[in-house]
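Novice: If it helps, the file is called protein-v7.cif and holds mmCIF, C-alpha atoms:
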data_run
#
loop_
_atom_site.label_atom_id
_atom_site.label_comp_id
_atom_site.auth_asym_id
_atom_site.auth_seq_id
_atom_site.Cartn_x
_atom_site.Cartn_y
_atom_site.Cartn_z
CA MET A 1 5.93 -11.10 9.81
CA THR A 2 5.62 -12.06 13.46
CA GLY A 3 2.20 -12.82 14.87
CA VAL A 4 0.72 -13.67 11.46
CA THR A 5 -2.68 -15.34 11.61
CA GLU A 6 -4.23 -17.30 8.78
CA PRO A 7 -7.15 -15.92 6.76
CA ASP A 8 -10.60 -16.77 8.09
CA PRO A 9 -13.06 -17.39 5.20
CA ALA A 10 -16.03 -16.63 7.45
CA GLU A 11 -14.48 -13.31 8.49
CA THR A 12 -13.83 -12.39 4.86
CA GLU A 13 -17.40 -13.23 3.85
CA ALA A 14 -18.82 -11.21 6.75
CA ALA A 15 -16.64 -8.22 5.87
CA ALA A 16 -17.63 -8.44 2.22
CA ALA A 17 -21.32 -8.51 3.17
CA HIS A 18 -20.93 -5.56 5.55
CA VAL A 19 -19.17 -3.44 2.94
CA ALA A 20 -21.70 -4.45 0.27
CA ARG A 21 -24.56 -3.26 2.50
CA GLN A 22 -22.87 0.12 2.86
CA LEU A 23 -22.62 0.48 -0.93
CA THR A 24 -26.18 -0.51 -1.90
CA GLU A 25 -26.97 3.07 -2.99
CA VAL A 26 -23.68 3.52 -4.85
CA GLY A 27 -23.55 2.93 -8.57
CA ARG A 28 -19.87 3.78 -9.12
CA LEU A 29 -17.33 4.22 -6.32
CA GLY A 30 -14.01 6.02 -6.24
CA VAL A 31 -11.43 4.90 -3.68
CA ALA A 32 -8.54 7.09 -2.57
CA PHE A 33 -5.85 4.52 -3.20
CA SER A 34 -2.24 4.21 -2.11
CA GLY A 35 -1.48 0.53 -2.70
CA GLY A 36 -1.17 -0.01 1.05
CA VAL A 37 -3.04 -2.85 2.71
CA ASP A 38 -6.02 -0.78 3.91
CA SER A 39 -6.93 0.95 0.66
CA SER A 40 -6.17 -2.22 -1.32
CA VAL A 41 -8.53 -4.34 0.79
CA LEU A 42 -11.19 -1.65 0.44
CA VAL A 43 -10.79 -1.71 -3.35
CA ALA A 44 -10.97 -5.51 -3.38
CA LEU A 45 -14.11 -5.60 -1.21
CA ALA A 46 -15.75 -2.82 -3.23
CA ALA A 47 -14.93 -4.61 -6.49
CA ARG A 48 -16.52 -7.76 -5.11
CA ALA A 49 -19.63 -5.85 -4.04
CA LEU A 50 -20.09 -3.66 -7.12
CA GLY A 51 -18.03 -5.34 -9.83
CA ALA A 52 -14.52 -4.26 -10.82
CA GLY A 53 -15.84 -2.07 -13.63
CA ARG A 54 -17.73 0.11 -11.16
CA VAL A 55 -14.77 0.82 -8.88
CA LEU A 56 -12.03 3.34 -9.65
CA ALA A 57 -8.75 3.46 -7.70
CA ILE A 58 -7.58 7.07 -7.46
CA LEU A 59 -3.88 7.58 -6.78
CA GLY A 60 -2.64 11.00 -5.74
CA VAL A 61 0.82 11.72 -7.14
CA SER A 62 3.16 14.35 -5.69
CA PRO A 63 6.75 14.61 -4.40
CA SER A 64 5.58 12.99 -1.13
CA LEU A 65 4.82 9.71 -2.94
CA ALA A 66 7.86 7.51 -3.44
CA ALA A 67 8.31 6.11 -6.94
CA ASP A 68 8.50 2.57 -5.56
CA GLU A 69 5.13 3.04 -3.84
CA ARG A 70 3.59 4.37 -7.05
CA THR A 71 4.74 1.30 -8.98
CA ALA A 72 3.56 -1.07 -6.25
CA ALA A 73 0.11 0.55 -6.18
CA HIS A 74 -0.40 -0.14 -9.89
CA ARG A 75 0.70 -3.74 -9.35
CA VAL A 76 -1.95 -4.26 -6.65
CA ALA A 77 -4.69 -2.66 -8.75
CA ARG A 78 -3.85 -4.94 -11.68
CA HIS A 79 -4.09 -7.95 -9.36
CA ILE A 80 -7.57 -6.85 -8.24
CA GLY A 81 -8.59 -5.95 -11.77
CA VAL A 82 -9.67 -2.35 -11.22
CA PRO A 83 -8.55 0.68 -13.24
CA VAL A 84 -6.31 3.35 -11.71
CA VAL A 85 -6.54 7.06 -12.34
CA GLU A 86 -3.62 9.22 -11.23
CA ILE A 87 -4.18 12.82 -10.22
CA GLU A 88 -1.52 15.37 -9.42
CA THR A 89 -1.88 16.93 -6.01
CA HIS A 90 -0.21 20.18 -5.02
CA GLU A 91 -0.15 20.14 -1.24
CA GLY A 92 3.35 21.61 -1.49
CA ASP A 93 1.76 24.87 -2.68
CA ARG A 94 -0.08 25.21 0.63
CA ASP A 95 1.68 27.30 3.27
CA ALA A 96 0.12 25.26 6.09
CA TYR A 97 1.41 22.01 4.60
CA ARG A 98 4.94 23.31 4.12
CA ALA A 99 4.92 24.70 7.69
CA ASN A 100 4.58 21.06 8.80
CA GLY A 101 2.60 21.44 11.99
CA PRO A 102 0.91 18.41 13.57
CA ASP A 103 -2.04 19.09 11.25
CA ARG A 104 0.05 18.59 8.09
CA CYS A 105 -1.87 15.44 7.17
CA PHE A 106 -5.12 17.39 7.25
CA HIS A 107 -3.86 19.77 4.57
CA CYS A 108 -2.49 16.92 2.48
CA LYS A 109 -5.74 14.93 2.60
CA ASP A 110 -7.80 18.09 2.09
CA GLU A 111 -5.83 18.76 -1.09
CA LEU A 112 -6.36 15.18 -2.27
CA PHE A 113 -10.10 15.08 -1.58
CA THR A 114 -10.62 18.57 -3.03
CA ARG A 115 -8.94 17.60 -6.30
CA ILE A 116 -10.88 14.35 -6.48
CA SER A 117 -14.14 16.21 -5.91
CA THR A 118 -13.49 18.84 -8.55
CA ASP A 119 -11.56 16.85 -11.17
CA VAL A 120 -12.56 13.22 -10.94
CA LEU A 121 -16.04 12.56 -9.57
CA THR A 122 -17.95 14.20 -12.41
CA ARG A 123 -15.60 13.10 -15.20
CA HIS A 124 -15.81 9.45 -14.16
CA GLU A 125 -19.47 9.59 -13.06
CA LEU A 126 -18.70 8.48 -9.52
CA ASP A 127 -21.45 8.54 -6.92
CA ALA A 128 -19.24 8.44 -3.83
CA LEU A 129 -15.66 8.48 -2.60
CA ALA A 130 -14.21 6.20 0.08
CA TYR A 131 -10.85 5.74 1.76
CA GLY A 132 -9.19 3.02 3.80
CA GLU A 133 -9.55 4.15 7.40
CA ASN A 134 -9.78 1.10 9.67
CA ALA A 135 -11.25 0.68 13.15
CA ASP A 136 -7.85 1.09 14.84
CA ASP A 137 -7.29 4.38 13.01
CA VAL A 138 -10.51 5.79 14.47
CA ARG A 139 -9.12 5.44 17.98
CA ARG A 140 -5.84 7.22 17.20
CA HIS A 141 -5.42 10.91 18.00
CA ASP A 142 -2.52 11.42 15.60
CA ARG A 143 -4.44 11.15 12.31
CA PRO A 144 -5.68 14.66 11.43
CA GLY A 145 -6.29 13.51 7.85
CA ALA A 146 -9.47 11.87 9.13
CA LEU A 147 -10.90 15.35 9.76
CA ALA A 148 -10.41 16.21 6.09
CA ALA A 149 -12.17 13.00 5.07
CA ALA A 150 -15.13 13.85 7.27
CA ALA A 151 -15.29 17.39 5.90
CA HIS A 152 -15.50 16.00 2.35
CA HIS A 153 -18.06 13.30 3.28
CA VAL A 154 -15.69 10.50 2.33
CA LEU A 155 -16.98 7.03 3.19
CA THR A 156 -15.03 4.78 5.59
CA PRO A 157 -16.40 1.27 4.92
CA LEU A 158 -13.63 -0.63 6.74
CA ALA A 159 -13.97 1.35 9.95
CA THR A 160 -17.77 1.25 9.76
CA ALA A 161 -17.56 -2.53 9.43
CA GLY A 162 -15.43 -2.63 12.59
CA LEU A 163 -12.38 -4.04 10.78
CA ASN A 164 -9.15 -3.38 12.66
CA LYS A 165 -5.65 -3.58 11.21
CA ALA A 166 -5.22 -7.27 12.00
CA ALA A 167 -8.54 -8.15 10.36
CA VAL A 168 -7.65 -6.11 7.28
CA ARG A 169 -4.36 -8.02 7.00
CA ARG A 170 -6.18 -11.35 7.21
CA ILE A 171 -8.61 -10.30 4.49
CA ALA A 172 -5.70 -9.15 2.32
CA ARG A 173 -4.21 -12.64 2.63
CA ALA A 174 -7.57 -14.19 1.79
CA PHE A 175 -7.60 -12.16 -1.43
CA ASN A 176 -3.92 -13.03 -2.00
CA LEU A 177 -3.11 -9.36 -2.44
CA PRO A 178 0.55 -8.55 -3.23
CA CYS A 179 0.56 -6.03 -0.36
CA ALA A 180 -0.88 -8.41 2.26
CA ASP A 181 2.33 -8.48 4.31
CA LYS A 182 3.72 -5.16 3.14
CA PRO A 183 4.95 -2.94 6.00
CA ALA A 184 3.12 0.34 6.53
CA ALA A 185 4.54 3.07 4.30
CA PRO A 186 3.38 6.55 5.33
CA CYS A 187 4.07 9.41 2.95
CA LEU A 188 7.60 10.76 2.76
CA ALA A 189 6.64 13.98 4.54
CA SER A 190 6.09 11.98 7.73
CA ARG A 191 9.90 11.62 7.98
CA ILE A 192 10.39 15.37 8.52
CA PRO A 193 10.02 16.65 12.10
CA HIS A 194 7.08 18.95 12.72
CA PHE A 195 7.70 22.69 12.47
CA THR A 196 10.58 22.18 10.05
CA THR A 197 9.71 22.99 6.46
CA VAL A 198 8.65 20.28 4.03
CA SER A 199 10.45 20.78 0.71
CA PRO A 200 10.87 18.75 -2.48
CA ARG A 201 14.62 18.48 -1.77
CA LYS A 202 14.09 16.92 1.65
CA LEU A 203 11.46 14.52 0.31
CA SER A 204 13.82 13.47 -2.48
CA GLU A 205 16.68 12.87 -0.04
CA VAL A 206 14.48 10.67 2.14
CA GLU A 207 13.16 8.76 -0.87
CA ARG A 208 16.63 8.08 -2.26
CA ALA A 209 17.99 6.98 1.12
CA GLU A 210 15.09 4.62 1.80
CA ALA A 211 15.22 3.14 -1.69
CA ALA A 212 18.94 2.48 -1.25
CA LEU A 213 18.34 0.73 2.09
CA ARG A 214 15.69 -1.47 0.52
CA ARG A 215 18.20 -2.50 -2.11
CA LEU A 216 20.44 -3.57 0.78
CA GLY A 217 17.72 -5.92 1.99
CA PHE A 218 15.80 -3.83 4.56
CA GLN A 219 12.06 -3.73 3.99
CA ASP A 220 10.49 -2.08 7.05
CA LEU A 221 12.32 1.19 7.70
CA ARG A 222 12.14 4.95 8.07
CA VAL A 223 14.80 7.57 7.33
CA ARG A 224 14.01 10.60 9.46
CA HIS A 225 15.31 13.91 8.11
CA HIS A 226 17.15 16.05 10.66
CA GLY A 227 18.98 18.43 8.36
CA GLU A 228 22.45 16.99 7.70
CA ILE A 229 21.60 14.01 9.91
CA ALA A 230 19.64 10.97 8.76
CA ARG A 231 18.13 9.02 11.66
CA VAL A 232 17.50 5.49 10.42
CA GLU A 233 14.77 3.46 12.10
CA LEU A 234 14.74 -0.31 11.64
CA PRO A 235 12.94 -3.16 13.42
CA ALA A 236 14.84 -4.37 16.49
CA GLU A 237 15.71 -7.66 14.82
CA ASP A 238 17.52 -5.80 12.01
CA LEU A 239 19.72 -3.69 14.28
CA PRO A 240 22.53 -6.23 14.86
CA ARG A 241 23.25 -6.81 11.18
CA ALA A 242 22.90 -3.08 10.41
CA VAL A 243 25.86 -2.28 12.68
CA THR A 244 28.01 -5.20 11.50
CA ALA A 245 30.57 -4.84 8.70
CA PRO A 246 30.36 -4.77 5.76
CA LEU A 247 26.67 -3.78 5.88
CA ARG A 248 27.36 -0.90 8.26
CA GLU A 249 29.67 0.71 5.73
CA LEU A 250 27.21 0.10 2.88
CA ILE A 251 24.41 1.78 4.85
CA HIS A 252 26.60 4.81 5.51
CA GLU A 253 27.63 5.04 1.87
CA ALA A 254 24.04 4.69 0.61
CA VAL A 255 22.53 7.29 2.92
CA THR A 256 25.27 9.88 2.48
CA ALA A 257 24.98 9.45 -1.28
CA ALA A 258 21.33 10.50 -0.93
CA GLY A 259 22.43 13.90 0.40
CA PHE A 260 22.99 13.49 4.15
CA ARG A 261 26.29 14.19 5.91
CA PHE A 262 25.78 12.03 9.00
CA VAL A 263 23.95 8.71 9.48
CA THR A 264 22.61 7.56 12.84
CA LEU A 265 20.79 4.38 13.80
CA ASP A 266 17.91 4.81 16.27
CA LEU A 267 18.13 2.14 18.96
CA ALA A 268 14.40 2.52 19.67
CA GLY A 269 13.62 0.93 16.30
CA ILE A 270 10.58 1.70 14.14
CA GLN A 271 8.37 4.40 15.65
CA SER A 272 5.30 4.78 13.45
CA GLY A 273 3.61 8.16 13.86
CA ALA A 274 6.11 9.23 16.50
CA PHE A 275 6.46 12.84 15.32
CA THR A 276 2.74 13.54 15.25
CA ALA A 277 1.91 11.57 18.39
CA ALA A 278 4.54 13.48 20.36
CA ALA A 279 3.44 16.85 18.97
CA LEU A 280 -0.19 16.20 19.86
CA GLN A 281 0.48 15.05 23.42
CA PRO A 282 -1.11 17.40 25.96
CA ALA A 283 1.32 19.61 27.82
CA PRO A 284 2.15 18.35 31.33
CA THR A 285 0.34 20.00 34.21
CA VAL A 286 2.18 22.19 36.71
CA SER A 287 2.24 19.36 39.24
CA ALA A 288 3.51 16.90 36.60
CA ARG A 289 6.29 19.29 35.62
CA ALA A 290 7.23 19.67 39.29
CA GLN A 291 7.45 15.89 39.67
CA LEU A 292 9.64 15.64 36.59
CA ALA A 293 11.93 18.35 37.96
CA GLU A 294 12.29 16.46 41.23
CA GLY A 295 13.46 13.38 39.41
CA PRO A 296 12.95 9.77 40.51
CA ARG A 297 12.21 9.08 44.15
#
Can you give me the file's structure in the form of structure tokens?

Specialist:
Amino acid sequence: MTGVTEPDPAETEAAAAHVARQLTEVGRLGVAFSGGVDSSVLVALAARALGAGRVLAILGVSPSLAADERTAAHRVARHIGVPVVEIETHEGDRDAYRANGPDRCFHCKDELFTRISTDVLTRHELDALAYGENADDVRRHDRPGALAAAAHHVLTPLATAGLNKAAVRRIARAFNLPCADKPAAPCLASRIPHFTTVSPRKLSEVERAEAALRRLGFQDLRVRHHGEIARVELPAEDLPRAVTAPLRELIHEAVTAAGFRFVTLDLAGIQSGAFTAAALQPAPTVSARAQLAEGPR
């Protein structure tokens, strides 16, 4: 990764102490767990504060979770030494989720936290539930899932400790977590443009296409679902080799085999959260629209 900074032992100790102070009244903690760097660092810090036997990693499983991500999450939990409980979530049964508005993540997280509250907390004698929101996430306007967390009184120890994404990465390296340098991997539904229906078929097509591209050596990527068209996003440094034979032909073959008819490569590269950020942008004012109509001066 570019811009990688080495772990700072003092920073890790300070973060561990801050999280431990937040959990002084918690006997057993559940963590909504994905195997990504944020939730994994939270699990590691909680295990250090409470002991691994008092922390439970809770993994929501549904068609929006790629099989590779599910396997990787278990690998990280084993490294930390905490148990994992899988729960089935059924966000696909919710009309508002399938409608795929900019608030889709709210309905997904609401489903997850509701099922944890009703099915898991009592059975596993958990006193509280936390999830891996970091300080950078708090400042973003395109994360409606945070509203669901607040509604369910889910703890946010990383954000409360003031840990941003870069700090979380450094702590992950300090713990030698397998996901320390893993690219962000939002759920598969994030690849489907807002106001077009989320369906198991579309999620499966995206999953198969992305898995095939990883087998070709690409690690950080998105396959955006535009009906028959797959719009592939890659980091800028990967674009030249992606359009060079024979890899260009292999990419086309892999993505069309996943169910798409056409394959495009987005020259803008990776655009994390682009669908939601664009959908949540305020509409331009009358004067702004007039200036746009006039064109450049």

Novice: Which value, in Å to one decimal, gives the distance between CA of Ile251 (chain A) and CA of Arg201 (chain A)?

Specialist: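 Straight-line distance from CA of Ile251 (chain A) to CA of Arg201 (chain A) works out to 20.5 Å.
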
Novice: Taking the file as shown, what set of residues would the PyMOL selection byres ((chain A and resi 153) around 12) give back, as a list in words?

Specialist: Asp110, Phe113, Thr114, Ser117, Asp127, Ala128, Leu129, Ala130, Tyr131, Ala146, Leu147, Ala148, Ala149, Ala150, Ala151, His152, Val154, Leu155 and Thr156 of chain A

Novice: Run the PyMOL selection byres ((chain A and resi 186-192) around 8) against the file shown and list the residues it catches, as a ChimeraX atom specification.

Specialist: /A:64-66,184-185,193-194,196-198,202-203,206-207,222-226,273,275

Novice: Report as a PDB file with C-alpha atoms, in the coordinates of the input the residues that result from applying the PyMOL selection byres ((chain A and resi 15) around 12) to the structure here.

Specialist:
ATOM      1  CA  ASP A   8     -10.600 -16.770   8.090  1.00  0.00           C
ATOM      2  CA  PRO A   9     -13.060 -17.390   5.200  1.00  0.00           C
ATOM      3  CA  ALA A  10     -16.030 -16.630   7.450  1.00  0.00           C
ATOM      4  CA  GLU A  11     -14.480 -13.310   8.490  1.00  0.00           C
ATOM      5  CA  THR A  12     -13.830 -12.390   4.860  1.00  0.00           C
ATOM      6  CA  GLU A  13     -17.400 -13.230   3.850  1.00  0.00           C
ATOM      7  CA  ALA A  14     -18.820 -11.210   6.750  1.00  0.00           C
ATOM      8  CA  ALA A  16     -17.630  -8.440   2.220  1.00  0.00           C
ATOM      9  CA  ALA A  17     -21.320  -8.510   3.170  1.00  0.00           C
ATOM     10  CA  HIS A  18     -20.930  -5.560   5.550  1.00  0.00           C
ATOM     11  CA  VAL A  19     -19.170  -3.440   2.940  1.00  0.00           C
ATOM     12  CA  ALA A  20     -21.700  -4.450   0.270  1.00  0.00           C
ATOM     13  CA  ARG A  21     -24.560  -3.260   2.500  1.00  0.00           C
ATOM     14  CA  GLN A  22     -22.870   0.120   2.860  1.00  0.00           C
ATOM     15  CA  VAL A  41      -8.530  -4.340   0.790  1.00  0.00           C
ATOM     16  CA  LEU A  42     -11.190  -1.650   0.440  1.00  0.00           C
ATOM     17  CA  ALA A  44     -10.970  -5.510  -3.380  1.00  0.00           C
ATOM     18  CA  LEU A  45     -14.110  -5.600  -1.210  1.00  0.00           C
ATOM     19  CA  ALA A  46     -15.750  -2.820  -3.230  1.00  0.00           C
ATOM     20  CA  ARG A  48     -16.520  -7.760  -5.110  1.00  0.00           C
ATOM     21  CA  ALA A  49     -19.630  -5.850  -4.040  1.00  0.00           C
ATOM     22  CA  PRO A 157     -16.400   1.270   4.920  1.00  0.00           C
ATOM     23  CA  LEU A 158     -13.630  -0.630   6.740  1.00  0.00           C
ATOM     24  CA  ALA A 159     -13.970   1.350   9.950  1.00  0.00           C
ATOM     25  CA  THR A 160     -17.770   1.250   9.760  1.00  0.00           C
ATOM     26  CA  ALA A 161     -17.560  -2.530   9.430  1.00  0.00           C
ATOM     27  CA  GLY A 162     -15.430  -2.630  12.590  1.00  0.00           C
ATOM     28  CA  LEU A 163     -12.380  -4.040  10.780  1.00  0.00           C
ATOM     29  CA  ASN A 164      -9.150  -3.380  12.660  1.00  0.00           C
ATOM     30  CA  ALA A 167      -8.540  -8.150  10.360  1.00  0.00           C
ATOM     31  CA  VAL A 168      -7.650  -6.110   7.280  1.00  0.00           C
ATOM     32  CA  ARG A 170      -6.180 -11.350   7.210  1.00  0.00           C
ATOM     33  CA  ILE A 171      -8.610 -10.300   4.490  1.00  0.00           C
ATOM     34  CA  ALA A 172      -5.700  -9.150   2.320  1.00  0.00           C
ATOM     35  CA  ALA A 174      -7.570 -14.190   1.790  1.00  0.00           C
TER      36      ALA A 174
END

Novice: Neighbours of Glu228 (chain A) within 8 Å (only C-alpha atoms; same-chain residues fewer than 4 positions away dropped), as number ranges by chain?

Specialist: A: 259-262

Novice: Of the candidates A:Ala99, A:Ala254, A:Leu265, A:Leu213, which one gets nearest to Val232 (chain A) if we count all atoms listed in the file?

Specialist: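 Among A:Ala99, A:Ala254, A:Leu265, A:Leu213, it is A:Leu265 that comes nearest to Val232 (chain A).
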
Novice: Do you have the CA of Glu88 (chain A)-CA of Lys109 (chain A) distance handy?

Specialist: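 Going from CA of Glu88 (chain A) over to CA of Lys109 (chain A) covers 12.7 Å.
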
Novice: Please report the interatomic distance between CA of Arg115 (chain A) and CA of Ala57 (chain A) in Å with one decimal.

Specialist: 14.2 Å

Novice: When you look at Pro183 (chain A) with a cut-off of 12 Å (counting only C-alpha atoms), what residues show up, excluding the ones that are within fewer than 5 positions of it in the same chain? I need them as an mmCIF file with C-alpha atoms, in the frame of the given file.

Specialist:
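Okay, selection.cif is ready:
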data_model
loop_
_atom_site.group_PDB
_atom_site.id
_atom_site.type_symbol
_atom_site.label_atom_id
_atom_site.label_comp_id
_atom_site.auth_asym_id
_atom_site.auth_seq_id
_atom_site.Cartn_x
_atom_site.Cartn_y
_atom_site.Cartn_z
ATOM 1 C CA MET A 1 5.930 -11.100 9.810
ATOM 2 C CA THR A 2 5.620 -12.060 13.460
ATOM 3 C CA GLY A 35 -1.480 0.530 -2.700
ATOM 4 C CA GLY A 36 -1.170 -0.010 1.050
ATOM 5 C CA VAL A 37 -3.040 -2.850 2.710
ATOM 6 C CA ASP A 38 -6.020 -0.780 3.910
ATOM 7 C CA GLU A 69 5.130 3.040 -3.840
ATOM 8 C CA LYS A 165 -5.650 -3.580 11.210
ATOM 9 C CA ARG A 169 -4.360 -8.020 7.000
ATOM 10 C CA PRO A 178 0.550 -8.550 -3.230
ATOM 11 C CA PHE A 218 15.800 -3.830 4.560
ATOM 12 C CA GLN A 219 12.060 -3.730 3.990
ATOM 13 C CA ASP A 220 10.490 -2.080 7.050
ATOM 14 C CA LEU A 221 12.320 1.190 7.700
ATOM 15 C CA ARG A 222 12.140 4.950 8.070
ATOM 16 C CA LEU A 234 14.740 -0.310 11.640
ATOM 17 C CA PRO A 235 12.940 -3.160 13.420
ATOM 18 C CA ILE A 270 10.580 1.700 14.140
ATOM 19 C CA SER A 272 5.300 4.780 13.450
#

Novice: Between A:Ala67, A:Ala72, A:Ala236, A:Ile116, which one has atoms that come closest to Val85 (chain A), using only C-alpha atoms?

Specialist: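 Selected residue with least distance to Val85 (chain A): A:Ile116.
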
Novice: For region 251-267 of chain A, take all atoms listed in the file, fit an axis-aligned box around them, add 4 Å to each of the six sides, then output centre and edge lengths in Å rounded to one decimal, as lines of an AutoDock Vina configuration file.

Specialist:
center_x = 22.8
center_y = 8.0
center_z = 8.8
size_x = 17.7
size_y = 20.4
size_z = 28.2

Novice: Residues within 12 Å of Phe195 (chain A), please, as JSON, numbers by chain. Count all atoms listed in the file; anything in the same chain fewer than 6 positions from it doesn't count.

Specialist: {"A": [95, 96, 97, 98, 99, 100, 101, 102, 103, 104, 189, 226, 275, 276, 279]}

Novice: Hey, can you spit out that residue selection with C-alpha atoms as an mmCIF file, in the frame of the given file?

Specialist:
data_model
loop_
_atom_site.group_PDB
_atom_site.id
_atom_site.type_symbol
_atom_site.label_atom_id
_atom_site.label_comp_id
_atom_site.auth_asym_id
_atom_site.auth_seq_id
_atom_site.Cartn_x
_atom_site.Cartn_y
_atom_site.Cartn_z
ATOM 1 C CA ASP A 95 1.680 27.300 3.270
ATOM 2 C CA ALA A 96 0.120 25.260 6.090
ATOM 3 C CA TYR A 97 1.410 22.010 4.600
ATOM 4 C CA ARG A 98 4.940 23.310 4.120
ATOM 5 C CA ALA A 99 4.920 24.700 7.690
ATOM 6 C CA ASN A 100 4.580 21.060 8.800
ATOM 7 C CA GLY A 101 2.600 21.440 11.990
ATOM 8 C CA PRO A 102 0.910 18.410 13.570
ATOM 9 C CA ASP A 103 -2.040 19.090 11.250
ATOM 10 C CA ARG A 104 0.050 18.590 8.090
ATOM 11 C CA ALA A 189 6.640 13.980 4.540
ATOM 12 C CA HIS A 226 17.150 16.050 10.660
ATOM 13 C CA PHE A 275 6.460 12.840 15.320
ATOM 14 C CA THR A 276 2.740 13.540 15.250
ATOM 15 C CA ALA A 279 3.440 16.850 18.970
#

Novice: Identify which of the residues A:Leu216, A:Ala211, A:Leu23, A:Val138 lies closest to Leu247 (chain A), counting only C-alpha atoms when measuring atom-to-atom distances.

Specialist: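 The answer is A:Leu216, which sits nearest to Leu247 (chain A).
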
Novice: Would you mind telling me which residue in A:Cys179, A:Gly53, A:Gly132, A:Arg123 lies nearest to Ala73 (chain A) when using all atoms listed in the file?

Specialist: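 Under the stated criterion, the closest residue is A:Cys179.
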
Novice: Determine the nearest neighbour of Pro83 (chain A) from the options A:Ile58, A:Ala212, A:Val243, A:Ala268, counting only C-alpha atoms.

Specialist: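 Looking only at the distances to Pro83 (chain A), the closest residue turns out to be A:Ile58.
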
Novice: Here is a test: counting all atoms listed in the file, which residue of A:Thr24, A:Gln271, A:Thr118, A:Ser34 is nearest to Glu86 (chain A)?

Specialist: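 Answer, going by the shortest atom-to-atom distance: A:Ser34.
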